[in-house]
$ cat query_20.cif   # mmCIF, C-alpha atoms
data_data
#
loop_
_atom_site.label_atom_id
_atom_site.label_comp_id
_atom_site.auth_asym_id
_atom_site.auth_seq_id
_atom_site.Cartn_x
_atom_site.Cartn_y
_atom_site.Cartn_z
CA MET O 1 -0.09 24.28 -3.35
CA ARG O 2 -3.72 23.62 -4.10
CA ILE O 3 -4.15 19.86 -4.39
CA VAL O 4 -7.42 18.61 -5.89
CA ILE O 5 -8.18 14.99 -5.01
CA ASP O 6 -10.64 12.55 -6.54
CA GLY O 7 -12.44 11.50 -3.36
CA ARG O 8 -14.74 8.74 -4.59
CA GLY O 9 -13.40 6.21 -2.08
CA LEU O 10 -14.31 8.33 0.94
CA SER O 11 -18.07 7.75 0.94
CA GLY O 12 -20.24 4.80 1.88
CA ASN O 13 -18.88 1.68 3.55
CA THR O 14 -15.20 2.44 3.16
CA THR O 15 -12.68 -0.39 2.99
CA GLY O 16 -9.06 -0.84 1.90
CA ALA O 17 -8.12 1.95 -0.49
CA GLY O 18 -10.92 4.24 0.72
CA ASN O 19 -9.75 3.96 4.32
CA ALA O 20 -6.14 4.50 3.22
CA LEU O 21 -7.11 7.71 1.42
CA GLY O 22 -8.89 9.00 4.51
CA TRP O 23 -5.89 8.26 6.75
CA LEU O 24 -3.48 9.83 4.25
CA LEU O 25 -5.58 12.96 3.86
CA ALA O 26 -5.87 13.41 7.63
CA ARG O 27 -2.11 13.13 8.00
CA LEU O 28 -1.44 15.53 5.11
CA LYS O 29 -3.69 18.16 6.67
CA ALA O 30 -2.08 17.69 10.08
CA ASP O 31 1.54 17.70 8.90
CA ALA O 32 1.34 20.20 6.02
CA PRO O 33 -1.57 22.56 6.74
CA GLU O 34 -0.06 25.27 4.55
CA HIS O 35 -1.43 23.50 1.49
CA ASP O 36 -5.03 23.58 0.30
CA TYR O 37 -6.60 20.12 -0.08
CA VAL O 38 -9.82 20.04 -2.10
CA VAL O 39 -11.75 16.76 -2.38
CA LEU O 40 -14.13 16.36 -5.32
CA THR O 41 -16.75 13.66 -5.75
CA PRO O 42 -19.29 13.14 -8.54
CA PRO O 43 -23.03 13.33 -7.89
CA ALA O 44 -24.45 10.14 -6.41
CA ALA O 45 -25.89 7.99 -9.17
CA SER O 46 -25.91 4.46 -10.46
CA TRP O 47 -22.38 3.88 -11.66
CA ARG O 48 -21.61 2.71 -15.20
CA LEU O 49 -18.33 2.70 -17.10
CA ARG O 50 -19.42 5.52 -19.40
CA ARG O 51 -20.23 7.73 -16.41
CA GLN O 52 -16.95 6.75 -14.75
CA LEU O 53 -14.92 7.71 -17.82
CA TRP O 54 -16.79 11.00 -18.12
CA TRP O 55 -15.92 11.87 -14.51
CA GLU O 56 -12.27 10.85 -14.80
CA GLN O 57 -11.47 12.29 -18.21
CA VAL O 58 -13.76 15.32 -18.43
CA GLU O 59 -15.52 16.48 -15.28
CA PHE O 60 -12.81 15.96 -12.67
CA PRO O 61 -10.04 17.73 -14.65
CA ARG O 62 -12.49 20.47 -15.67
CA GLN O 63 -13.41 21.16 -12.04
CA ALA O 64 -9.75 21.05 -11.06
CA ALA O 65 -9.00 23.67 -13.73
CA ARG O 66 -11.77 25.93 -12.42
CA LEU O 67 -10.28 25.63 -8.94
CA ARG O 68 -6.84 26.51 -10.34
CA ALA O 69 -5.32 23.33 -8.98
CA ASP O 70 -1.56 22.98 -8.85
CA VAL O 71 -1.85 19.20 -8.56
CA MET O 72 -4.53 16.64 -9.41
CA HIS O 73 -4.35 13.40 -7.41
CA VAL O 74 -6.27 10.30 -8.45
CA PRO O 75 -5.78 7.99 -5.43
CA GLY O 76 -8.29 5.21 -6.07
CA GLY O 77 -6.46 3.14 -8.67
CA THR O 78 -8.70 4.47 -11.45
CA SER O 79 -7.73 6.04 -14.76
CA THR O 80 -5.52 9.12 -15.04
CA PRO O 81 -6.94 12.27 -16.68
CA LEU O 82 -5.26 12.71 -20.06
CA ALA O 83 -6.24 16.36 -20.57
CA GLY O 84 -4.96 19.43 -18.77
CA ARG O 85 -1.61 20.95 -17.97
CA ARG O 86 -1.61 20.49 -14.20
CA ARG O 87 0.73 18.15 -12.42
CA THR O 88 -0.99 14.79 -12.16
CA VAL O 89 -0.32 12.16 -9.51
CA VAL O 90 -2.06 8.79 -9.62
CA THR O 91 -2.04 5.92 -7.13
CA LEU O 92 -1.98 2.35 -8.43
CA HIS O 93 -2.74 -0.06 -5.60
CA ASP O 94 -1.95 -3.11 -7.72
CA LEU O 95 -1.97 -4.39 -11.29
CA ALA O 96 -3.84 -7.62 -10.65
CA PRO O 97 -6.27 -7.07 -13.58
CA SER O 98 -3.29 -6.63 -15.93
CA ALA O 99 -1.46 -9.64 -14.52
CA HIS O 100 -4.56 -11.84 -14.36
CA PRO O 101 -7.30 -10.56 -16.70
CA GLU O 102 -9.02 -13.95 -16.37
CA TRP O 103 -10.04 -12.96 -12.83
CA LEU O 104 -12.49 -10.42 -14.30
CA PRO O 105 -15.55 -11.20 -16.42
CA PRO O 106 -15.07 -10.57 -20.16
CA GLY O 107 -16.27 -7.19 -21.33
CA PRO O 108 -15.67 -3.47 -20.77
CA GLY O 109 -14.67 -3.92 -17.12
CA ARG O 110 -11.79 -6.22 -18.06
CA TRP O 111 -10.61 -3.71 -20.65
CA TYR O 112 -10.88 -0.79 -18.22
CA TRP O 113 -9.15 -2.37 -15.22
CA GLY O 114 -6.74 -4.58 -17.15
CA ARG O 115 -5.53 -2.18 -19.84
CA TRP O 116 -6.92 1.36 -19.68
CA VAL O 117 -5.96 2.17 -16.07
CA ALA O 118 -2.32 1.16 -16.49
CA TRP O 119 -2.03 2.78 -19.94
CA THR O 120 -3.33 6.15 -18.76
CA ALA O 121 -1.08 5.97 -15.67
CA SER O 122 1.93 6.01 -18.01
CA PHE O 123 1.04 9.67 -18.78
CA ALA O 124 0.96 10.78 -15.12
CA ASP O 125 3.76 12.93 -13.77
CA CYS O 126 4.12 10.57 -10.82
CA VAL O 127 2.68 7.13 -10.02
CA LEU O 128 2.45 6.21 -6.33
CA VAL O 129 2.48 2.51 -5.45
CA PRO O 130 2.32 0.89 -2.00
CA SER O 131 5.08 -1.70 -2.44
CA GLU O 132 8.21 -2.65 -4.37
CA ALA O 133 6.26 -5.56 -5.87
CA THR O 134 3.69 -3.17 -7.34
CA ARG O 135 6.49 -0.89 -8.51
CA ARG O 136 7.98 -3.76 -10.49
CA ASP O 137 4.57 -4.56 -11.96
CA ALA O 138 3.94 -0.93 -12.89
CA ILE O 139 7.19 -0.84 -14.84
CA ALA O 140 7.02 -4.30 -16.40
CA ARG O 141 3.29 -4.70 -17.00
CA GLY O 142 2.14 -1.09 -17.17
CA GLY O 143 5.03 0.20 -19.27
CA ILE O 144 5.43 3.13 -16.86
CA ALA O 145 8.81 4.86 -16.84
CA GLU O 146 10.83 3.82 -13.79
CA ARG O 147 11.63 7.45 -12.89
CA ARG O 148 7.92 8.21 -12.53
CA VAL O 149 7.13 5.46 -10.00
CA ARG O 150 7.47 6.17 -6.27
CA VAL O 151 6.89 3.62 -3.46
CA THR O 152 4.74 5.00 -0.64
CA PRO O 153 3.84 2.11 1.71
CA TRP O 154 0.73 2.43 3.81
CA GLY O 155 0.99 2.86 7.57
CA VAL O 156 -0.62 1.29 10.60
CA PRO O 157 -4.17 2.70 10.76
CA PRO O 158 -4.56 5.47 13.37
CA ASP O 159 -7.37 3.65 15.16
CA VAL O 160 -5.05 0.66 15.57
CA ALA O 161 -2.07 2.76 16.64
CA GLU O 162 -4.20 4.36 19.37
CA GLY O 163 -4.79 0.94 20.92
CA ILE O 164 -7.79 -1.37 20.93
CA PRO O 165 -10.25 -0.60 23.74
CA ALA O 166 -10.48 -3.15 26.53
CA GLY O 167 -13.38 -5.50 25.92
CA ALA O 168 -13.45 -4.87 22.14
CA ALA O 169 -12.79 -8.53 21.36
CA ARG O 170 -15.54 -9.78 23.62
CA ALA O 171 -18.00 -7.16 22.36
CA ALA O 172 -17.37 -8.06 18.71
CA ARG O 173 -17.64 -11.78 19.42
CA GLU O 174 -20.94 -11.35 21.25
CA ARG O 175 -22.38 -8.95 18.68
CA HIS O 176 -21.75 -11.42 15.86
CA HIS O 177 -22.53 -14.53 17.92
CA LEU O 178 -19.10 -16.09 17.38
CA PRO O 179 -17.48 -18.99 19.22
CA GLU O 180 -14.60 -18.44 21.62
CA ARG O 181 -12.03 -19.86 19.19
CA TYR O 182 -11.88 -18.81 15.57
CA VAL O 183 -9.47 -18.11 12.71
CA LEU O 184 -10.08 -14.74 11.04
CA TYR O 185 -9.88 -13.73 7.39
CA ALA O 186 -10.53 -10.06 6.57
CA GLY O 187 -11.24 -8.77 3.08
CA THR O 188 -13.35 -9.66 0.09
CA ILE O 189 -13.50 -13.20 -1.27
CA ASP O 190 -12.81 -13.23 -4.99
CA ARG O 191 -10.65 -15.08 -7.49
CA ARG O 192 -7.39 -13.66 -6.21
CA LYS O 193 -7.89 -15.46 -2.86
CA ASP O 194 -7.04 -19.15 -2.38
CA TYR O 195 -10.27 -19.88 -0.54
CA ARG O 196 -10.54 -23.50 -1.70
CA THR O 197 -7.25 -24.39 -0.03
CA LEU O 198 -8.34 -22.51 3.09
CA LEU O 199 -11.62 -24.40 3.33
CA LEU O 200 -9.92 -27.75 2.73
CA ALA O 201 -7.38 -26.86 5.43
CA LEU O 202 -10.17 -25.98 7.85
CA ARG O 203 -11.56 -29.48 7.41
CA GLU O 204 -8.23 -30.88 8.71
CA LEU O 205 -8.22 -28.73 11.87
CA HIS O 206 -9.97 -29.08 15.22
CA ALA O 207 -13.71 -29.59 14.78
CA ASP O 208 -14.43 -26.82 17.28
CA LEU O 209 -12.44 -24.25 15.28
CA ALA O 210 -14.46 -21.76 13.20
CA LEU O 211 -13.46 -19.63 10.23
CA VAL O 212 -14.77 -16.05 10.36
CA VAL O 213 -14.81 -14.05 7.13
CA ALA O 214 -15.01 -10.30 7.78
CA GLY O 215 -15.84 -9.13 4.29
CA SER O 216 -18.06 -9.77 1.32
CA VAL O 217 -18.11 -12.57 -1.22
CA VAL O 218 -17.93 -10.98 -4.67
CA ALA O 219 -21.10 -12.06 -6.47
CA GLY O 220 -20.59 -14.11 -9.59
CA ARG O 221 -16.82 -14.38 -9.25
CA THR O 222 -16.39 -17.31 -6.87
CA ASP O 223 -17.96 -20.62 -5.91
CA PHE O 224 -17.09 -19.98 -2.25
CA GLU O 225 -20.53 -20.76 -0.89
CA ALA O 226 -20.83 -23.91 -3.00
CA VAL O 227 -17.46 -25.18 -1.77
CA ILE O 228 -18.53 -24.61 1.84
CA ASP O 229 -21.60 -26.77 1.27
CA ALA O 230 -19.71 -29.43 -0.71
CA LEU O 231 -17.27 -29.83 2.17
CA ALA O 232 -20.07 -29.82 4.78
CA LEU O 233 -18.43 -26.85 6.54
CA ARG O 234 -21.47 -24.59 6.85
CA PRO O 235 -21.64 -24.85 10.69
CA ARG O 236 -17.98 -23.83 10.96
CA VAL O 237 -17.84 -20.87 8.53
CA ARG O 238 -19.30 -17.46 9.37
CA VAL O 239 -19.45 -14.88 6.56
CA LEU O 240 -20.14 -11.52 8.19
CA GLY O 241 -20.12 -9.29 5.11
CA TYR O 242 -19.01 -5.69 5.59
CA VAL O 243 -17.95 -5.10 9.21
CA PRO O 244 -17.66 -1.59 10.73
CA ARG O 245 -14.16 -0.62 11.82
CA ALA O 246 -14.83 -0.87 15.57
CA ASP O 247 -16.09 -4.43 15.19
CA LEU O 248 -13.30 -5.36 12.78
CA LEU O 249 -10.61 -4.33 15.25
CA GLY O 250 -12.32 -6.38 17.94
CA LEU O 251 -12.39 -9.39 15.61
CA TYR O 252 -8.64 -9.09 15.03
CA ALA O 253 -8.02 -8.81 18.77
CA GLY O 254 -10.08 -11.90 19.56
CA ALA O 255 -8.80 -14.15 16.76
CA ALA O 256 -6.79 -17.24 17.58
CA ALA O 257 -4.97 -16.64 14.30
CA PHE O 258 -5.24 -14.50 11.19
CA VAL O 259 -5.01 -16.18 7.79
CA TYR O 260 -4.56 -14.45 4.45
CA PRO O 261 -4.31 -16.96 1.57
CA SER O 262 -3.83 -14.63 -1.39
CA PHE O 263 -2.53 -15.28 -4.89
CA TYR O 264 -1.81 -11.56 -5.53
CA GLU O 265 -1.58 -8.42 -3.39
CA GLY O 266 -0.47 -4.85 -4.04
CA PHE O 267 0.14 -4.29 -0.32
CA GLY O 268 -1.84 -6.41 2.14
CA LEU O 269 -3.31 -4.01 4.70
CA PRO O 270 -5.16 -6.77 6.65
CA VAL O 271 -1.81 -8.47 7.35
CA LEU O 272 -0.40 -5.21 8.75
CA GLU O 273 -3.52 -4.60 10.84
CA ALA O 274 -3.44 -8.12 12.27
CA MET O 275 0.24 -7.87 13.21
CA ALA O 276 -0.21 -4.45 14.83
CA ILE O 277 -3.13 -5.69 16.93
CA GLY O 278 -1.36 -8.86 18.02
CA ALA O 279 -2.91 -11.66 15.97
CA PRO O 280 -0.40 -14.25 14.72
CA VAL O 281 -0.42 -14.31 10.92
CA VAL O 282 -0.26 -17.08 8.33
CA THR O 283 -0.07 -15.91 4.72
CA TYR O 284 1.58 -16.64 1.36
CA ARG O 285 4.99 -15.61 0.03
CA VAL O 286 3.63 -13.76 -3.01
CA CYS O 287 3.94 -10.23 -4.41
CA SER O 288 4.02 -7.62 -1.64
CA LEU O 289 3.15 -9.84 1.33
CA PRO O 290 6.78 -10.65 2.26
CA GLU O 291 7.49 -6.88 2.24
CA VAL O 292 4.75 -6.31 4.79
CA ALA O 293 5.16 -9.40 6.95
CA GLY O 294 8.94 -9.81 6.86
CA ASP O 295 9.91 -12.56 9.32
CA ALA O 296 6.97 -11.77 11.59
CA ALA O 297 4.51 -14.22 9.99
CA ILE O 298 4.47 -17.76 8.67
CA LEU O 299 4.92 -17.33 4.91
CA LEU O 300 3.97 -20.36 2.79
CA GLU O 301 5.45 -20.94 -0.67
CA PRO O 302 2.82 -21.35 -3.40
CA PRO O 303 1.37 -23.58 -4.56
CA VAL O 304 0.12 -24.24 -1.04
CA SER O 305 -1.53 -27.57 -0.24
CA PRO O 306 -4.41 -27.84 2.23
CA SER O 307 -2.19 -29.96 4.48
CA ALA O 308 0.58 -27.33 4.50
CA LEU O 309 -1.85 -24.56 5.36
CA ALA O 310 -3.52 -26.69 8.03
CA ALA O 311 -0.11 -27.53 9.54
CA ALA O 312 0.89 -23.86 9.66
CA LEU O 313 -2.37 -22.86 11.34
CA ALA O 314 -2.11 -25.77 13.80
CA ARG O 315 1.38 -24.62 14.73
CA VAL O 316 0.14 -21.11 15.45
CA LEU O 317 -2.85 -22.39 17.39
CA ASP O 318 -1.16 -25.09 19.45
CA ASP O 319 2.52 -24.13 19.81
CA GLY O 320 2.64 -21.54 22.60
CA PRO O 321 6.25 -20.36 22.09
CA CYS O 322 5.72 -20.03 18.33
CA ARG O 323 2.54 -18.06 18.88
CA ARG O 324 4.17 -15.70 21.37
CA GLN O 325 7.14 -15.16 19.07
CA LEU O 326 4.90 -14.30 16.11
CA VAL O 327 2.80 -11.89 18.17
CA ALA O 328 5.88 -10.03 19.46
CA ALA O 329 7.57 -9.97 16.06
CA GLY O 330 4.36 -8.82 14.38
CA ARG O 331 3.92 -5.86 16.71
CA ALA O 332 7.56 -4.85 16.19
CA ARG O 333 7.30 -5.23 12.43
CA ALA O 334 4.14 -3.14 12.25
CA ARG O 335 5.87 -0.19 13.93
CA ARG O 336 7.97 0.26 10.78
CA PHE O 337 4.90 1.36 8.80
CA ASP O 338 3.97 4.98 9.52
CA TRP O 339 1.50 7.30 7.80
CA GLY O 340 3.82 10.23 8.54
CA ALA O 341 6.43 8.76 6.19
CA THR O 342 3.72 8.08 3.60
CA ALA O 343 2.50 11.69 3.81
CA ARG O 344 6.04 13.08 3.42
CA ALA O 345 6.68 10.98 0.33
CA THR O 346 3.30 11.98 -1.10
CA LEU O 347 4.05 15.68 -0.57
CA ASP O 348 7.37 15.21 -2.37
CA ALA O 349 5.46 13.65 -5.27
CA TYR O 350 3.08 16.62 -5.35
CA ALA O 351 6.02 19.04 -5.42
CA GLY O 352 7.93 17.12 -8.07
CA VAL O 353 10.83 16.18 -5.77
CA PRO O 354 12.73 13.22 -7.30
CA ALA O 355 12.35 9.91 -5.44
#

$ encode --input "query_20.cif" --output "structure tokens"
Amino acid sequence: MRIVIDGRGLSGNTTGAGNALGWLLARLKADAPEHDYVVLTPPAASWRLRRQLWWEQVEFPRQAARLRADVMHVPGGTSTPLAGRRRTVVTLHDLAPSAHPEWLPPGPGRWYWGRWVAWTASFADCVLVPSEATRRDAIARGGIAERRVRVTPWGVPPDVAEGIPAGAARAARERHHLPERYVLYAGTIDRRKDYRTLLLALRELHADLALVVAGSVVAGRTDFEAVIDALALRPRVRVLGYVPRADLLGLYAGAAAFVYPSFYEGFGLPVLEAMAIGAPVVTYRVCSLPEVAGDAAILLEPPVSPSALAAALARVLDDGPCRRQLVAAGRARARRFDWGATARATLDAYAGVPA
């Protein structure tokens, strides 16, 4: 088969879905080299919705037709091409904008992410989702036929599976001037994260404990910085912005605990990464997170109070047997998630094999 892939997530500072696409593509090429994988990207330019729609609905399918593609794959959670006769596979990472449109500013972006993406996905030959929770959302909220939705969970990242180099934790801590003891959060800070509860919980914990945020604060969509100042927590919170992979893995390895207070997740890759590296995890029992964490993390039932989150983190930090049990269980749990299985399921989707 010739598989033409929309590769927009593979350039720049890749995170989340972009990294997942890169790992999937590497595994596809290694395990099924008999196929031809062609990655297309639009010319670099300032990105606006009109240009995005032109690429997705006109230029990408037109280039795929010229290349005589057997399959078009749109893996970034963007809209599905509606024209063309080629087999179309689309990946939906989550349906948060459909479930919670209020998390996006009013305007074209809310329409695109909240309605257009899911509606066009209903015309795809196959919709790949990373979890059973997202599968349920795709059917219930997106109106996508159940027979067209296939669960393809992400795997442990290859750089994690290969093992973290000795000294990575110390190097990352020194490079970012971090204290010896910190709780790590990895990912963007936006309205789907329960950052207010996290900051209030931090105020109840040891005064020498820091919170390290490895990710960006989405401009205009949170009052994260204002809450930090209102709670007088500025000396204890370090926002690092985008962190290169090598540093990120070192941050996981050096963390006293990993916390992921999320209201909604399509998969929860940071939880899987933390478990695989050996950081004890505290997160919420919402959406896909129980599928990823299983019994290998402390899962809190929403709504979560600051005291409940603080108590869970204190248990991980101060209870040695609990900590050791979570670390061992997390490593074992993470071994269930393999990119080889993801690649095989994706190839079946390309070929039209029923799930």

$ closest_residue --input "query_20.cif" --among "O:Ala17, O:Ala201, O:Ala355, O:Leu272" --to "Pro290 of chain O" --atoms "all atoms listed in the file"
O:Leu272

$ resolve_selection --input "query_20.cif" --expression "the PyMOL selection byres ((chain O and resi 117) around 12)" --output "PyMOL selection string"
chain O and resi 52-53+56-57+74+76-82+90-98+109-116+118-124+127+138+141-144

$ resolve_selection --input "query_20.cif" --expression "the PyMOL selection byres ((chain O and resi 86) around 10)" --output "list in words"
Pro61, Ala64, Ala65, Arg68, Ala69, Asp70, Val71, Met72, Ala83, Gly84, Arg85, Arg87, Thr88, Val89 and Asp125 of chain O

$ resolve_selection --input "query_20.cif" --expression "the PyMOL selection byres ((chain O and resi 282) around 10)" --output "VMD selection string"
chain O and resid 257 to 261 271 279 to 281 283 to 285 293 296 to 300 309 312 to 313 316 326

$ write_last_selection --input "query_20.cif" --atoms "C-alpha atoms" --output "short mmCIF file (atom, residue, chain, number, x, y, z; two decimals), in the coordinates of the input"
data_model
loop_
_atom_site.label_atom_id
_atom_site.label_comp_id
_atom_site.auth_asym_id
_atom_site.auth_seq_id
_atom_site.Cartn_x
_atom_site.Cartn_y
_atom_site.Cartn_z
CA ALA O 257 -4.97 -16.64 14.30
CA PHE O 258 -5.24 -14.50 11.19
CA VAL O 259 -5.01 -16.18 7.79
CA TYR O 260 -4.56 -14.45 4.45
CA PRO O 261 -4.31 -16.96 1.57
CA VAL O 271 -1.81 -8.47 7.35
CA ALA O 279 -2.91 -11.66 15.97
CA PRO O 280 -0.40 -14.25 14.72
CA VAL O 281 -0.42 -14.31 10.92
CA THR O 283 -0.07 -15.91 4.72
CA TYR O 284 1.58 -16.64 1.36
CA ARG O 285 4.99 -15.61 0.03
CA ALA O 293 5.16 -9.40 6.95
CA ALA O 296 6.97 -11.77 11.59
CA ALA O 297 4.51 -14.22 9.99
CA ILE O 298 4.47 -17.76 8.67
CA LEU O 299 4.92 -17.33 4.91
CA LEU O 300 3.97 -20.36 2.79
CA LEU O 309 -1.85 -24.56 5.36
CA ALA O 312 0.89 -23.86 9.66
CA LEU O 313 -2.37 -22.86 11.34
CA VAL O 316 0.14 -21.11 15.45
CA LEU O 326 4.90 -14.30 16.11
#

$ residues_around --input "query_20.cif" --residues "segment 227-244 of chain O" --least-positions-apart "4" --cutoff "10 Å" --atoms "all atoms listed in the file" --output "PyMOL selection string"
chain O and resi 13-15+172+176-179+182-189+195-196+199-200+202-203+207-217+222-223+248-249+251

$ atom_distance --input "query_20.cif" --atom1 "atom CA of Pro354 of chain O" --atom2 "atom CA of Val151 of chain O"
11.9 Å

$ axis_aligned_box --input "query_20.cif" --around "segment 184-192 of chain O" --padding-each-side "6 Å" --output "lines of an AutoDock Vina configuration file"
center_x = -10.4
center_y = -11.9
center_z = 1.8
size_x = 18.1
size_y = 18.3
size_z = 30.5

$ atom_distance --input "query_20.cif" --atom1 "atom CA of Asp159 of chain O" --atom2 "atom CA of Gly7 of chain O"
20.7 Å

$ closest_residue --input "query_20.cif" --among "O:Pro306, O:Gly167, O:Gly16, O:Gly9" --to "Gly254 of chain O" --atoms "all atoms listed in the file"
O:Gly167

$ atom_distance --input "query_20.cif" --atom1 "atom CA of Tyr264 of chain O" --atom2 "atom CA of Pro101 of chain O"
12.5 Å

$ residues_around --input "query_20.cif" --residues "Leu205 of chain O" --least-positions-apart "6" --cutoff "9 Å" --atoms "only C-alpha atoms" --output "PyMOL selection string"
chain O and resi 310-311+313-314

$ residues_near_point --input "query_20.cif" --point "(1.0, 0.3, 10.6)" --cutoff "12 Å" --atoms "all atoms listed in the file" --output "PyMOL selection string"
chain O and resi 20+23+153-163+267-277+292-293+330-342

$ closest_residue --input "query_20.cif" --among "O:Ile5, O:Leu24, O:Leu198, O:Val129" --to "Ser288 of chain O" --atoms "only C-alpha atoms"
O:Val129

$ closest_residue --input "query_20.cif" --among "O:Arg315, O:His35, O:His73, O:His100" --to "Leu128 of chain O" --atoms "only C-alpha atoms"
O:His73

$ decode --input "query_20.cif" --residues "segment 228-255 of chain O" --atoms "C-alpha atoms" --output "PDB file, in the first residue's frame"
ATOM      1  CA  ILE O 228       0.130  31.464  42.036  1.00  0.00           C
ATOM      2  CA  ASP O 229       0.572  35.078  43.115  1.00  0.00           C
ATOM      3  CA  ALA O 230      -2.713  35.194  45.058  1.00  0.00           C
ATOM      4  CA  LEU O 231      -1.618  32.164  47.078  1.00  0.00           C
ATOM      5  CA  ALA O 232       1.916  33.550  47.568  1.00  0.00           C
ATOM      6  CA  LEU O 233       3.378  30.412  45.965  1.00  0.00           C
ATOM      7  CA  ARG O 234       5.724  32.057  43.469  1.00  0.00           C
ATOM      8  CA  PRO O 235       8.923  30.829  45.227  1.00  0.00           C
ATOM      9  CA  ARG O 236       7.642  27.239  45.154  1.00  0.00           C
ATOM     10  CA  VAL O 237       6.359  26.973  41.553  1.00  0.00           C
ATOM     11  CA  ARG O 238       8.682  26.661  38.563  1.00  0.00           C
ATOM     12  CA  VAL O 239       7.114  26.913  35.092  1.00  0.00           C
ATOM     13  CA  LEU O 240       9.717  25.663  32.617  1.00  0.00           C
ATOM     14  CA  GLY O 241       7.749  26.002  29.384  1.00  0.00           C
ATOM     15  CA  TYR O 242       8.576  23.574  26.587  1.00  0.00           C
ATOM     16  CA  VAL O 243      11.226  21.076  27.744  1.00  0.00           C
ATOM     17  CA  PRO O 244      13.290  18.981  25.290  1.00  0.00           C
ATOM     18  CA  ARG O 245      12.753  15.232  25.561  1.00  0.00           C
ATOM     19  CA  ALA O 246      16.122  14.461  27.184  1.00  0.00           C
ATOM     20  CA  ASP O 247      15.460  16.972  29.945  1.00  0.00           C
ATOM     21  CA  LEU O 248      11.852  15.853  30.357  1.00  0.00           C
ATOM     22  CA  LEU O 249      12.869  12.254  30.974  1.00  0.00           C
ATOM     23  CA  GLY O 250      15.387  13.424  33.553  1.00  0.00           C
ATOM     24  CA  LEU O 251      12.675  15.466  35.278  1.00  0.00           C
ATOM     25  CA  TYR O 252      10.443  12.396  35.522  1.00  0.00           C
ATOM     26  CA  ALA O 253      13.326  10.340  36.917  1.00  0.00           C
ATOM     27  CA  GLY O 254      14.151  12.913  39.586  1.00  0.00           C
ATOM     28  CA  ALA O 255      10.597  13.712  40.702  1.00  0.00           C
TER      29      ALA O 255
END
